[in-house]
file structure.csv (CSV, C-alpha atoms)
chain,number,residue,atom,x,y,z
X,1,MET,CA,62.4,82.3,-5.8
X,2,THR,CA,62.1,80.8,-9.2
X,3,ASP,CA,58.7,80.1,-10.6
X,4,THR,CA,58.3,76.9,-12.6
X,5,PHE,CA,56.0,77.1,-15.5
X,6,LEU,CA,54.7,74.0,-17.4
X,7,THR,CA,54.5,74.1,-21.0
X,8,ARG,CA,51.2,73.6,-22.8
X,9,SER,CA,52.4,70.2,-24.0
X,10,GLN,CA,53.3,69.1,-20.5
X,11,LEU,CA,49.9,70.2,-19.2
X,12,LEU,CA,48.2,68.2,-22.0
X,13,ASN,CA,50.2,65.1,-21.1
X,14,ALA,CA,49.4,65.4,-17.4
X,15,LEU,CA,45.7,65.9,-18.3
X,16,ASP,CA,45.8,62.7,-20.5
X,17,THR,CA,47.5,60.8,-17.7
X,18,ALA,CA,44.8,62.0,-15.2
X,19,LYS,CA,42.0,61.0,-17.6
X,20,GLN,CA,43.6,57.5,-18.0
X,21,GLN,CA,43.8,57.1,-14.3
X,22,ILE,CA,40.2,58.2,-13.9
X,23,SER,CA,39.1,55.8,-16.6
X,24,LYS,CA,41.0,53.0,-14.9
X,25,LEU,CA,39.5,53.8,-11.5
X,26,GLU,CA,36.0,53.9,-13.1
X,27,ALA,CA,36.6,50.5,-14.7
X,28,GLU,CA,37.8,49.1,-11.4
X,29,LEU,CA,34.8,50.6,-9.6
X,30,THR,CA,32.4,49.2,-12.2
X,31,SER,CA,34.1,45.8,-12.0
X,32,SER,CA,33.9,45.9,-8.2
X,33,LEU,CA,30.2,46.9,-8.3
X,34,GLN,CA,29.5,44.0,-10.8
X,35,ALA,CA,31.4,41.6,-8.5
X,36,GLN,CA,29.4,42.8,-5.5
X,37,ALA,CA,26.2,42.4,-7.5
X,38,THR,CA,27.2,38.9,-8.6
X,39,LEU,CA,28.2,38.0,-5.0
X,40,GLN,CA,24.8,39.4,-3.8
X,41,GLU,CA,23.0,37.3,-6.4
X,42,ASP,CA,25.0,34.2,-5.4
X,43,VAL,CA,24.2,34.8,-1.8
X,44,GLN,CA,20.5,35.2,-2.6
X,45,ARG,CA,20.6,32.2,-4.8
X,46,TYR,CA,22.3,30.1,-2.1
X,47,GLN,CA,19.9,31.4,0.5
X,48,GLY,CA,17.0,30.5,-1.8
X,49,LEU,CA,18.4,27.0,-2.4
X,50,PHE,CA,19.1,26.6,1.3
X,51,GLU,CA,15.7,27.7,2.4
X,52,HIS,CA,13.6,26.2,-0.3
X,53,SER,CA,15.3,22.8,-0.6
X,54,GLY,CA,13.0,19.9,-0.2
X,55,ASP,CA,15.5,18.3,2.1
X,56,SER,CA,16.6,19.4,5.6
X,57,ILE,CA,20.0,21.1,5.7
X,58,LEU,CA,22.2,21.5,8.8
X,59,LEU,CA,25.6,23.1,9.2
X,60,VAL,CA,27.4,21.5,12.1
X,61,GLU,CA,30.7,22.6,13.8
X,62,MET,CA,33.2,19.8,13.6
X,63,LEU,CA,34.8,20.2,17.1
X,64,THR,CA,31.7,20.7,19.2
X,65,GLU,CA,29.1,19.0,16.9
X,66,ARG,CA,26.9,22.1,17.6
X,67,ILE,CA,24.3,23.0,15.0
X,68,VAL,CA,25.2,26.5,13.8
X,69,GLU,CA,22.9,26.9,10.9
X,70,ALA,CA,19.8,25.1,9.5
X,71,ASN,CA,17.1,25.7,7.0
X,72,THR,CA,13.4,26.1,7.9
X,73,ASN,CA,12.6,22.5,6.7
X,74,ALA,CA,15.0,21.1,9.2
X,75,ALA,CA,13.4,22.9,12.2
X,76,ARG,CA,9.8,22.2,11.0
X,77,ARG,CA,10.4,18.5,10.4
X,78,LEU,CA,12.0,18.0,13.8
X,79,GLY,CA,9.3,20.1,15.6
X,80,TYR,CA,11.6,22.8,16.8
X,81,GLU,CA,11.7,26.6,16.6
X,82,MET,CA,14.8,27.7,14.8
X,83,SER,CA,16.2,29.3,18.0
X,84,GLU,CA,15.7,25.9,19.8
X,85,LEU,CA,17.4,23.9,17.1
X,86,LEU,CA,20.5,26.1,17.0
X,87,GLN,CA,21.1,25.3,20.6
X,88,LEU,CA,21.3,21.6,20.0
X,89,THR,CA,24.2,19.3,19.0
X,90,LEU,CA,24.1,16.6,16.4
X,91,ASP,CA,24.1,14.0,19.1
X,92,ASN,CA,20.8,15.4,20.4
X,93,ILE,CA,19.0,14.6,17.2
X,94,GLU,CA,20.9,11.8,15.5
X,95,THR,CA,20.6,8.2,16.8
X,96,ASP,CA,21.6,4.6,16.0
X,97,ILE,CA,24.2,5.7,13.4
X,98,ASN,CA,26.7,3.3,14.9
X,99,ALA,CA,24.2,0.5,15.7
X,100,GLY,CA,22.4,0.2,12.4
X,101,ALA,CA,23.7,2.5,9.7
X,102,LYS,CA,27.0,1.9,7.9
X,103,CYS,CA,27.8,4.2,5.0
X,104,THR,CA,26.1,3.0,1.9
X,105,TRP,CA,28.6,4.7,-0.3
X,106,GLN,CA,31.4,7.3,-0.2
X,107,SER,CA,32.2,9.7,-3.0
X,108,THR,CA,36.0,10.1,-3.3
X,109,TYR,CA,35.5,13.1,-5.6
X,110,THR,CA,33.3,15.3,-3.3
X,111,GLY,CA,34.2,13.6,0.0
X,112,THR,CA,30.5,12.9,0.7
X,113,PHE,CA,29.4,10.1,3.0
X,114,VAL,CA,25.8,8.8,2.7
X,115,TYR,CA,24.3,6.7,5.5
X,116,GLN,CA,20.9,5.9,7.0
X,117,CYS,CA,19.9,6.4,10.6
X,118,HIS,CA,17.1,8.0,12.6
X,119,TYR,CA,16.6,11.6,13.6
X,120,ARG,CA,14.8,12.2,16.9
X,121,HIS,CA,11.7,14.5,16.7
X,122,LYS,CA,11.1,17.0,19.6
X,123,ASN,CA,8.2,14.8,20.7
X,124,GLY,CA,10.6,11.8,21.0
X,125,SER,CA,9.4,9.9,17.9
X,126,LEU,CA,12.1,8.6,15.5
X,127,ILE,CA,12.2,9.6,11.8
X,128,PRO,CA,14.1,7.3,9.3
X,129,VAL,CA,16.4,9.4,7.3
X,130,GLU,CA,19.2,9.3,4.7
X,131,VAL,CA,22.0,11.7,5.4
X,132,SER,CA,24.5,13.0,2.9
X,133,SER,CA,27.4,14.5,4.9
X,134,ARG,CA,30.5,16.3,3.8
X,135,ILE,CA,33.2,18.5,5.4
X,136,ILE,CA,33.5,22.1,4.2
X,137,GLU,CA,35.8,24.9,5.3
X,138,MET,CA,34.6,28.4,6.1
X,139,GLY,CA,36.5,31.2,7.8
X,140,GLY,CA,39.3,28.9,8.8
X,141,HIS,CA,37.0,26.4,10.6
X,142,ASP,CA,35.7,23.0,9.5
X,143,TYR,CA,32.0,22.2,9.4
X,144,LYS,CA,29.9,19.2,8.5
X,145,GLN,CA,27.1,20.0,6.0
X,146,GLN,CA,24.3,17.5,6.5
X,147,ILE,CA,21.6,17.1,3.8
X,148,VAL,CA,18.9,15.0,5.4
X,149,ARG,CA,16.2,13.3,3.4
X,150,ASP,CA,13.1,11.8,5.2
X,151,ASN,CA,12.9,8.1,4.4
X,152,SER,CA,9.5,7.5,6.0
X,153,LEU,CA,7.6,7.2,2.7
X,154,ARG,CA,10.3,5.0,1.1
X,155,LYS,CA,10.1,2.7,4.2
X,156,GLU,CA,6.3,2.5,3.8
X,157,VAL,CA,6.7,1.7,0.1
X,158,GLU,CA,9.2,-1.0,0.8
X,159,ALA,CA,7.0,-2.5,3.5
X,160,GLU,CA,4.0,-2.4,1.1
X,161,ARG,CA,6.2,-4.0,-1.6
X,162,GLU,CA,7.2,-6.8,0.7
X,163,GLN,CA,3.6,-7.4,1.7
X,164,LEU,CA,2.5,-7.4,-1.9
X,165,ILE,CA,5.2,-10.0,-2.8
X,166,ALA,CA,4.0,-12.2,0.1
X,167,GLU,CA,0.4,-11.8,-1.0
X,168,LEU,CA,1.3,-12.7,-4.6
X,169,SER,CA,3.1,-15.7,-3.4
X,170,ALA,CA,0.2,-16.9,-1.3
X,171,PHE,CA,-2.2,-16.1,-4.1
X,172,ALA,CA,-0.1,-18.1,-6.6
X,173,HIS,CA,0.0,-21.1,-4.2
X,174,THR,CA,-3.8,-20.9,-3.6
X,175,VAL,CA,-4.6,-20.7,-7.3
X,176,ALA,CA,-2.2,-23.5,-8.1
X,177,HIS,CA,-3.7,-25.7,-5.4
X,178,ASP,CA,-7.3,-24.9,-6.4
X,179,LEU,CA,-6.6,-25.7,-10.1
X,180,LYS,CA,-4.3,-28.6,-9.6
X,181,SER,CA,-6.6,-30.7,-7.4
X,182,PRO,CA,-9.6,-30.9,-9.8
X,183,LEU,CA,-7.3,-31.0,-12.8
X,184,ALA,CA,-5.4,-34.1,-11.4
X,185,ILE,CA,-8.8,-35.8,-10.8
X,186,ALA,CA,-10.1,-35.0,-14.3
X,187,VAL,CA,-6.8,-36.3,-15.9
X,188,GLY,CA,-6.9,-39.4,-13.8
X,189,TYR,CA,-10.5,-40.3,-14.9
X,190,ALA,CA,-9.7,-39.4,-18.5
X,191,GLU,CA,-6.6,-41.7,-18.5
X,192,LEU,CA,-8.8,-44.5,-16.9
X,193,LEU,CA,-11.4,-44.1,-19.7
X,194,VAL,CA,-8.7,-44.2,-22.3
X,195,ASP,CA,-6.9,-47.2,-20.9
X,196,GLU,CA,-9.9,-49.2,-19.7
X,197,TYR,CA,-12.8,-48.0,-21.8
X,198,THR,CA,-13.5,-51.3,-23.6
X,199,HIS,CA,-13.6,-53.1,-20.2
X,200,LEU,CA,-15.7,-50.6,-18.3
X,201,THR,CA,-19.3,-51.0,-17.6
X,202,GLU,CA,-21.6,-48.3,-18.9
X,203,GLU,CA,-22.3,-47.2,-15.3
X,204,LYS,CA,-18.5,-46.8,-14.5
X,205,ALA,CA,-17.9,-45.0,-17.8
X,206,SER,CA,-20.7,-42.6,-17.0
X,207,ALA,CA,-19.4,-42.0,-13.5
X,208,GLY,CA,-16.0,-41.2,-14.9
X,209,LEU,CA,-17.4,-38.8,-17.4
X,210,SER,CA,-19.5,-37.1,-14.8
X,211,ALA,CA,-16.4,-36.7,-12.5
X,212,ILE,CA,-14.5,-35.1,-15.4
X,213,ALA,CA,-17.3,-32.7,-16.0
X,214,ARG,CA,-17.6,-31.9,-12.3
X,215,MET,CA,-13.9,-31.2,-12.0
X,216,ASN,CA,-14.0,-29.0,-15.1
X,217,ARG,CA,-16.8,-27.0,-13.6
X,218,LYS,CA,-14.7,-26.4,-10.5
X,219,MET,CA,-11.8,-25.1,-12.6
X,220,ILE,CA,-14.2,-22.8,-14.4
X,221,THR,CA,-15.4,-21.5,-11.1
X,222,VAL,CA,-11.8,-20.7,-10.1
X,223,VAL,CA,-11.2,-18.9,-13.3
X,224,ASP,CA,-14.5,-16.9,-12.9
X,225,GLU,CA,-13.4,-15.9,-9.4
X,226,LEU,CA,-10.0,-14.8,-10.7
X,227,LEU,CA,-11.9,-12.6,-13.3
X,228,LEU,CA,-14.1,-11.2,-10.5
X,229,LEU,CA,-11.0,-10.5,-8.4
X,230,ALA,CA,-9.5,-8.6,-11.3
X,231,SER,CA,-12.7,-6.6,-11.8
X,232,THR,CA,-12.6,-5.5,-8.1
X,233,ARG,CA,-9.1,-4.1,-8.7
X,234,ASP,CA,-9.6,-2.5,-12.1
X,235,MET,CA,-12.9,-0.7,-11.5
X,236,ALA,CA,-12.0,2.8,-10.5
X,237,GLU,CA,-15.5,4.0,-9.8
X,238,ILE,CA,-18.2,1.7,-8.7
X,239,PRO,CA,-21.8,2.3,-10.0
X,240,LEU,CA,-23.6,2.2,-6.6
X,241,GLU,CA,-27.3,1.7,-6.7
X,242,PRO,CA,-30.2,0.7,-4.3
X,243,LEU,CA,-30.2,-3.1,-4.3
X,244,LYS,CA,-33.2,-5.3,-5.1
X,245,MET,CA,-31.9,-7.9,-2.7
X,246,GLU,CA,-34.9,-10.3,-3.2
X,247,ARG,CA,-34.0,-10.6,-6.9
X,248,ILE,CA,-30.3,-10.8,-6.2
X,249,VAL,CA,-30.7,-13.7,-3.7
X,250,ALA,CA,-33.1,-15.5,-6.1
X,251,GLU,CA,-30.5,-15.3,-8.9
X,252,ALA,CA,-27.8,-16.7,-6.6
X,253,LEU,CA,-30.1,-19.6,-5.5
X,254,THR,CA,-31.0,-20.4,-9.1
X,255,ARG,CA,-27.3,-20.6,-9.9
X,256,LEU,CA,-26.8,-23.0,-7.0
X,257,THR,CA,-29.8,-25.2,-7.8
X,258,PRO,CA,-27.8,-28.3,-8.7
X,259,LEU,CA,-25.7,-28.0,-5.5
X,260,ILE,CA,-28.8,-27.4,-3.4
X,261,GLU,CA,-30.6,-30.4,-4.9
X,262,GLN,CA,-27.5,-32.6,-4.6
X,263,HIS,CA,-27.2,-31.9,-0.8
X,264,LYS,CA,-31.0,-31.7,-0.3
X,265,ALA,CA,-30.6,-28.4,1.4
X,266,ALA,CA,-33.5,-26.4,2.8
X,267,ILE,CA,-33.5,-22.6,2.4
X,268,VAL,CA,-35.4,-20.4,4.8
X,269,LEU,CA,-35.9,-16.8,3.6
X,270,PRO,CA,-36.8,-13.8,5.8
X,271,GLU,CA,-40.6,-13.4,6.3
X,272,ASN,CA,-40.5,-9.6,6.3
X,273,GLY,CA,-38.4,-9.1,3.2
X,274,TRP,CA,-35.1,-7.3,2.9
X,275,PRO,CA,-34.2,-3.8,4.2
X,276,ALA,CA,-32.9,-1.2,1.7
X,277,ALA,CA,-29.2,-1.1,1.1
X,278,TRP,CA,-26.7,0.3,-1.4
X,279,GLY,CA,-24.1,-1.6,-3.4
X,280,TYR,CA,-23.3,-3.0,-6.8
X,281,ALA,CA,-25.6,-5.9,-7.7
X,282,PRO,CA,-23.3,-8.1,-9.8
X,283,TRP,CA,-20.8,-8.2,-6.9
X,284,ILE,CA,-23.4,-8.8,-4.2
X,285,GLU,CA,-24.7,-11.7,-6.2
X,286,GLU,CA,-21.2,-13.2,-6.1
X,287,VAL,CA,-21.1,-12.7,-2.3
X,288,TRP,CA,-24.3,-14.5,-1.8
X,289,VAL,CA,-23.2,-17.4,-4.1
X,290,ASN,CA,-20.0,-17.8,-2.1
X,291,TYR,CA,-21.8,-17.7,1.3
X,292,LEU,CA,-24.6,-19.9,0.2
X,293,SER,CA,-22.4,-22.5,-1.5
X,294,ASN,CA,-20.2,-22.7,1.6
X,295,ALA,CA,-23.2,-23.1,3.9
X,296,VAL,CA,-24.6,-25.9,1.7
X,297,LYS,CA,-21.2,-27.7,1.5
X,298,TYR,CA,-20.3,-27.3,5.2
X,299,GLY,CA,-23.8,-27.4,6.7
X,300,GLY,CA,-25.6,-30.2,8.4
X,301,LEU,CA,-26.9,-33.4,6.9
X,302,PRO,CA,-29.1,-32.2,5.3
X,303,PRO,CA,-28.2,-28.6,5.4
X,304,VAL,CA,-30.7,-26.0,6.7
X,305,LEU,CA,-29.8,-22.5,5.7
X,306,LYS,CA,-31.5,-19.4,7.3
X,307,LEU,CA,-31.1,-16.1,5.5
X,308,GLY,CA,-31.8,-12.7,7.1
X,309,ALA,CA,-30.9,-9.0,7.6
X,310,ASP,CA,-31.1,-6.4,10.3
X,311,VAL,CA,-30.1,-2.7,10.6
X,312,THR,CA,-27.3,-1.7,12.9
X,313,PRO,CA,-27.4,1.4,15.2
X,314,GLU,CA,-24.8,3.0,12.8
X,315,GLY,CA,-27.2,2.7,9.9
X,316,MET,CA,-25.5,-0.2,8.2
X,317,VAL,CA,-27.5,-3.2,7.0
X,318,ARG,CA,-26.2,-6.6,8.2
X,319,PHE,CA,-27.0,-9.5,5.8
X,320,TRP,CA,-26.4,-13.0,7.1
X,321,VAL,CA,-26.5,-16.8,6.4
X,322,SER,CA,-26.7,-19.3,9.2
X,323,ASP,CA,-26.2,-23.0,8.8
X,324,ASN,CA,-26.7,-26.1,11.0
X,325,GLY,CA,-23.2,-27.5,10.4
X,326,ALA,CA,-20.5,-28.6,12.8
X,327,GLY,CA,-19.2,-25.1,13.3
X,328,LEU,CA,-15.6,-23.9,13.4
X,329,PRO,CA,-13.0,-23.8,16.2
X,330,PRO,CA,-11.8,-20.3,17.2
X,331,GLN,CA,-8.4,-20.7,15.6
X,332,LYS,CA,-9.9,-21.4,12.2
X,333,LEU,CA,-12.6,-18.7,12.6
X,334,LEU,CA,-9.8,-16.1,12.9
X,335,LEU,CA,-8.3,-17.2,9.6
X,336,LEU,CA,-11.5,-17.2,7.5
X,337,PHE,CA,-11.1,-13.9,5.8
X,338,THR,CA,-7.3,-13.8,5.8
X,339,LYS,CA,-6.1,-13.3,2.3
X,340,PHE,CA,-5.8,-16.6,0.4
X,341,GLN,CA,-6.0,-18.9,3.4
X,342,ARG,CA,-7.4,-22.4,3.4
X,343,LEU,CA,-9.0,-24.1,6.3
X,344,GLY,CA,-7.5,-27.5,5.7
X,345,GLN,CA,-10.8,-29.2,5.0
X,346,VAL,CA,-9.4,-31.0,2.0
X,347,HIS,CA,-12.1,-33.7,2.2
X,348,LEU,CA,-14.8,-31.1,1.4
X,349,ASP,CA,-15.4,-29.2,-1.8
X,350,GLY,CA,-14.4,-25.6,-2.0
X,351,HIS,CA,-11.5,-23.4,-2.8
X,352,GLY,CA,-9.3,-20.7,-1.1
X,353,LEU,CA,-10.2,-17.6,-3.1
X,354,GLY,CA,-13.8,-17.1,-2.3
X,355,LEU,CA,-13.8,-15.4,1.2
X,356,SER,CA,-10.8,-13.3,0.2
X,357,ILE,CA,-12.7,-12.0,-2.8
X,358,VAL,CA,-15.9,-11.5,-0.6
X,359,GLN,CA,-13.9,-9.3,1.8
X,360,ARG,CA,-12.4,-7.3,-1.0
X,361,ILE,CA,-15.8,-6.7,-2.6
X,362,ILE,CA,-17.5,-5.6,0.7
X,363,THR,CA,-14.6,-3.4,1.7
X,364,ARG,CA,-14.7,-1.6,-1.6
X,365,LEU,CA,-18.5,-1.1,-1.1
X,366,GLY,CA,-17.9,0.5,2.4
X,367,GLY,CA,-18.9,-2.5,4.5
X,368,GLU,CA,-17.4,-5.3,6.6
X,369,THR,CA,-17.4,-9.1,6.6
X,370,GLY,CA,-17.4,-11.5,9.5
X,371,ALA,CA,-18.4,-14.8,10.9
X,372,GLU,CA,-19.6,-16.2,14.2
X,373,SER,CA,-19.4,-19.9,15.0
X,374,ARG,CA,-19.3,-22.4,17.8
X,375,GLU,CA,-18.3,-26.0,17.4
X,376,GLY,CA,-21.5,-28.1,17.3
X,377,GLU,CA,-23.8,-25.1,16.8
X,378,GLY,CA,-23.3,-24.1,13.2
X,379,SER,CA,-21.9,-20.9,11.7
X,380,THR,CA,-23.2,-17.5,10.7
X,381,PHE,CA,-21.5,-15.5,7.9
X,382,TYR,CA,-22.4,-11.9,7.5
X,383,PHE,CA,-21.6,-8.8,5.5
X,384,THR,CA,-22.7,-5.2,5.9
X,385,LEU,CA,-23.6,-2.5,3.4
X,386,PRO,CA,-24.6,1.1,3.7
X,387,GLY,CA,-28.3,1.6,4.3
X,388,GLN,CA,-28.2,5.0,2.4
X,389,ARG,CA,-26.2,6.2,-0.5
X,390,PRO,CA,-22.6,6.6,0.7
call {"tool": "encode", "arguments": {"input": "structure.csv", "output": "structure tokens"}}
result
Amino acid sequence: MTDTFLTRSQLLNALDTAKQQISKLEAELTSSLQAQATLQEDVQRYQGLFEHSGDSILLVEMLTERIVEANTNAARRLGYEMSELLQLTLDNIETDINAGAKCTWQSTYTGTFVYQCHYRHKNGSLIPVEVSSRIIEMGGHDYKQQIVRDNSLRKEVEAEREQLIAELSAFAHTVAHDLKSPLAIAVGYAELLVDEYTHLTEEKASAGLSAIARMNRKMITVVDELLLLASTRDMAEIPLEPLKMERIVAEALTRLTPLIEQHKAAIVLPENGWPAAWGYAPWIEEVWVNYLSNAVKYGGLPPVLKLGADVTPEGMVRFWVSDNGAGLPPQKLLLLFTKFQRLGQVHLDGHGLGLSIVQRIITRLGGETGAESREGEGSTFYFTLPGQRP
């Protein structure tokens, strides 16, 4: 047998080759470990995004429509335990997609379809949602990834927006009507005075000037009410205070003295004074001015107004004004405090903003407004305020 001996040079070469292979293996191992760490980070990042997404996320098997994975938000918002949700199909929770929800858009780049429909909560209620759906491939199988956004708040905002637009339209028509009528009368009298001044008697000229002044006062009243309406919207914090109602009512009656004298109205104040209540005096004075002026205008001939107050079992103070007018039919009584409604009594003085503003004021002060009336028996308008500091 012949022994084979390696030379020192051959041994060194073999050792170098082994070192190179070891270094290569170490580099490959390091690269593999780095790749595993990166993969682990990606998995954790995906899981974090999946679980902490503000939207609900579902993974749905294409062939069976079975929900195979979901994030916590999806289960919570639909009222299910995760184990319950993963036993359902998409058909169990998605409804009206064919009836009312066409795709709003399709991305040709990502293959994403976006549509609106309703998801059915476990308790049976329907939740308006917007769904972004795309097909993904995993492990040789196709799945639908559903990203579901709750549209309830947006629907509420849209409804409020539509209501606001309707209110603004009604408001604009009311203001235009209330300003146009006295303005047209004032312009008519002014043109008459310009054209016929030299031929008019002093009595007719004076009557025309008085009518112009009266119509201008009406327009000033409308402008004042608009400013008051703006103040009820703009004031973030209301300086509530115990009200000195006797003084507030006296101020309102003083402002209405010309109207009261014109109609020869009688005012009957409560014998036992006024109970304590909380509110904001400038606004409450405007409420009394509105109620009292309407009672004078729409009261009997002559008007007799009775003012009073009583405390409700709930601790609210109910202030009221009763008149001896013709009263209102039920259909008009229901419309009294509707925003910017008119009663069609165009032959009487008045405007359509007043009661809407009264309701806004009293609501902001924590009370309620209302009216009671029977045809032929007069009307009673009331408002309530807290008897103690809210």
call {"tool": "atom_distance", "arguments": {"input": "structure.csv", "atom1": "CA of Arg247 (chain X)", "atom2": "CA of Gly299 (chain X)"}}
result
23.9 Å
call {"tool": "atom_distance", "arguments": {"input": "structure.csv", "atom1": "CA of Leu12 (chain X)", "atom2": "CA of Ser31 (chain X)"}}
result
28.3 Å
call {"tool": "residues_around", "arguments": {"input": "structure.csv", "residues": "Ala75 (chain X)", "least_positions_apart": "4", "cutoff": "10 Å", "atoms": "all atoms listed in the file", "output": "list of chain:residue names"}}
result
X:Ser56, X:Ile57, X:Leu58, X:Ala70, X:Asn71, X:Gly79, X:Tyr80, X:Glu81, X:Met82, X:Ser83, X:Glu84, X:Leu85, X:Leu86, X:His121, X:Lys122
call {"tool": "atom_distance", "arguments": {"input": "structure.csv", "atom1": "CA of Glu61 (chain X)", "atom2": "CA of Tyr143 (chain X)"}}
result
4.6 Å
call {"tool": "closest_residue", "arguments": {"input": "structure.csv", "among": "X:Ser379, X:Asn216, X:Gln388, X:Gln116", "to": "Glu314 (chain X)", "atoms": "all atoms listed in the file"}}
result
X:Gln388
call {"tool": "closest_atom_pairs", "arguments": {"input": "structure.csv", "of": "region 169-286 of chain X", "to": "region 366-376 of chain X", "cutoff": "12 Å", "atoms": "only C-alpha atoms", "output": "CSV"}}
result
residue,atom,partner,partner_atom,distance
X:Ile238,CA,X:Gly366,CA,11.2
X:Leu240,CA,X:Gly366,CA,10.8
X:Ala277,CA,X:Gly367,CA,10.9
X:Trp278,CA,X:Gly366,CA,9.6
X:Gly279,CA,X:Gly366,CA,8.7
X:Tyr280,CA,X:Gly366,CA,11.2
X:Ile284,CA,X:Gly367,CA,11.6
call {"tool": "closest_residue", "arguments": {"input": "structure.csv", "among": "X:Val296, X:Ser322, X:Leu227, X:Glu246", "to": "Pro258 (chain X)", "atoms": "only C-alpha atoms"}}
result
X:Val296
call {"tool": "residues_around", "arguments": {"input": "structure.csv", "residues": "Asp91 (chain X)", "least_positions_apart": "5", "cutoff": "12 Å", "atoms": "all atoms listed in the file", "output": "VMD selection string"}}
result
chain X and resid 60 64 to 67 96 to 98 118 to 120
call {"tool": "residues_around", "arguments": {"input": "structure.csv", "residues": "Arg149 (chain X)", "least_positions_apart": "5", "cutoff": "8 Å", "atoms": "only C-alpha atoms", "output": "list of chain:residue names"}}
result
X:Asp55, X:Ser56, X:Val129, X:Glu130, X:Val131
call {"tool": "closest_atom_pairs", "arguments": {"input": "structure.csv", "of": "region 203-267 of chain X", "to": "region 189-198 of chain X", "cutoff": "9 Å", "atoms": "only C-alpha atoms", "output": "Markdown table"}}
result
| residue | atom | partner | partner_atom | distance |
| --- | --- | --- | --- | --- |
| X:Ala205 | CA | X:Leu193 | CA | 6.8 |
| X:Gly208 | CA | X:Tyr189 | CA | 5.6 |
| X:Leu209 | CA | X:Tyr189 | CA | 7.5 |
| X:Ala211 | CA | X:Tyr189 | CA | 7.3 |
| X:Ile212 | CA | X:Tyr189 | CA | 6.6 |
call {"tool": "residues_around", "arguments": {"input": "structure.csv", "residues": "Met245 (chain X)", "least_positions_apart": "5", "cutoff": "12 Å", "atoms": "all atoms listed in the file", "output": "list of chain:residue names"}}
result
X:Ala250, X:Glu251, X:Ala252, X:Leu269, X:Pro270, X:Gly273, X:Trp274, X:Pro275, X:Ala276, X:Ala277, X:Trp278, X:Gly279, X:Tyr280, X:Ala281, X:Pro282, X:Trp283, X:Ile284, X:Glu285, X:Val287, X:Trp288, X:Leu307, X:Gly308, X:Ala309, X:Val317, X:Phe319, X:Leu385
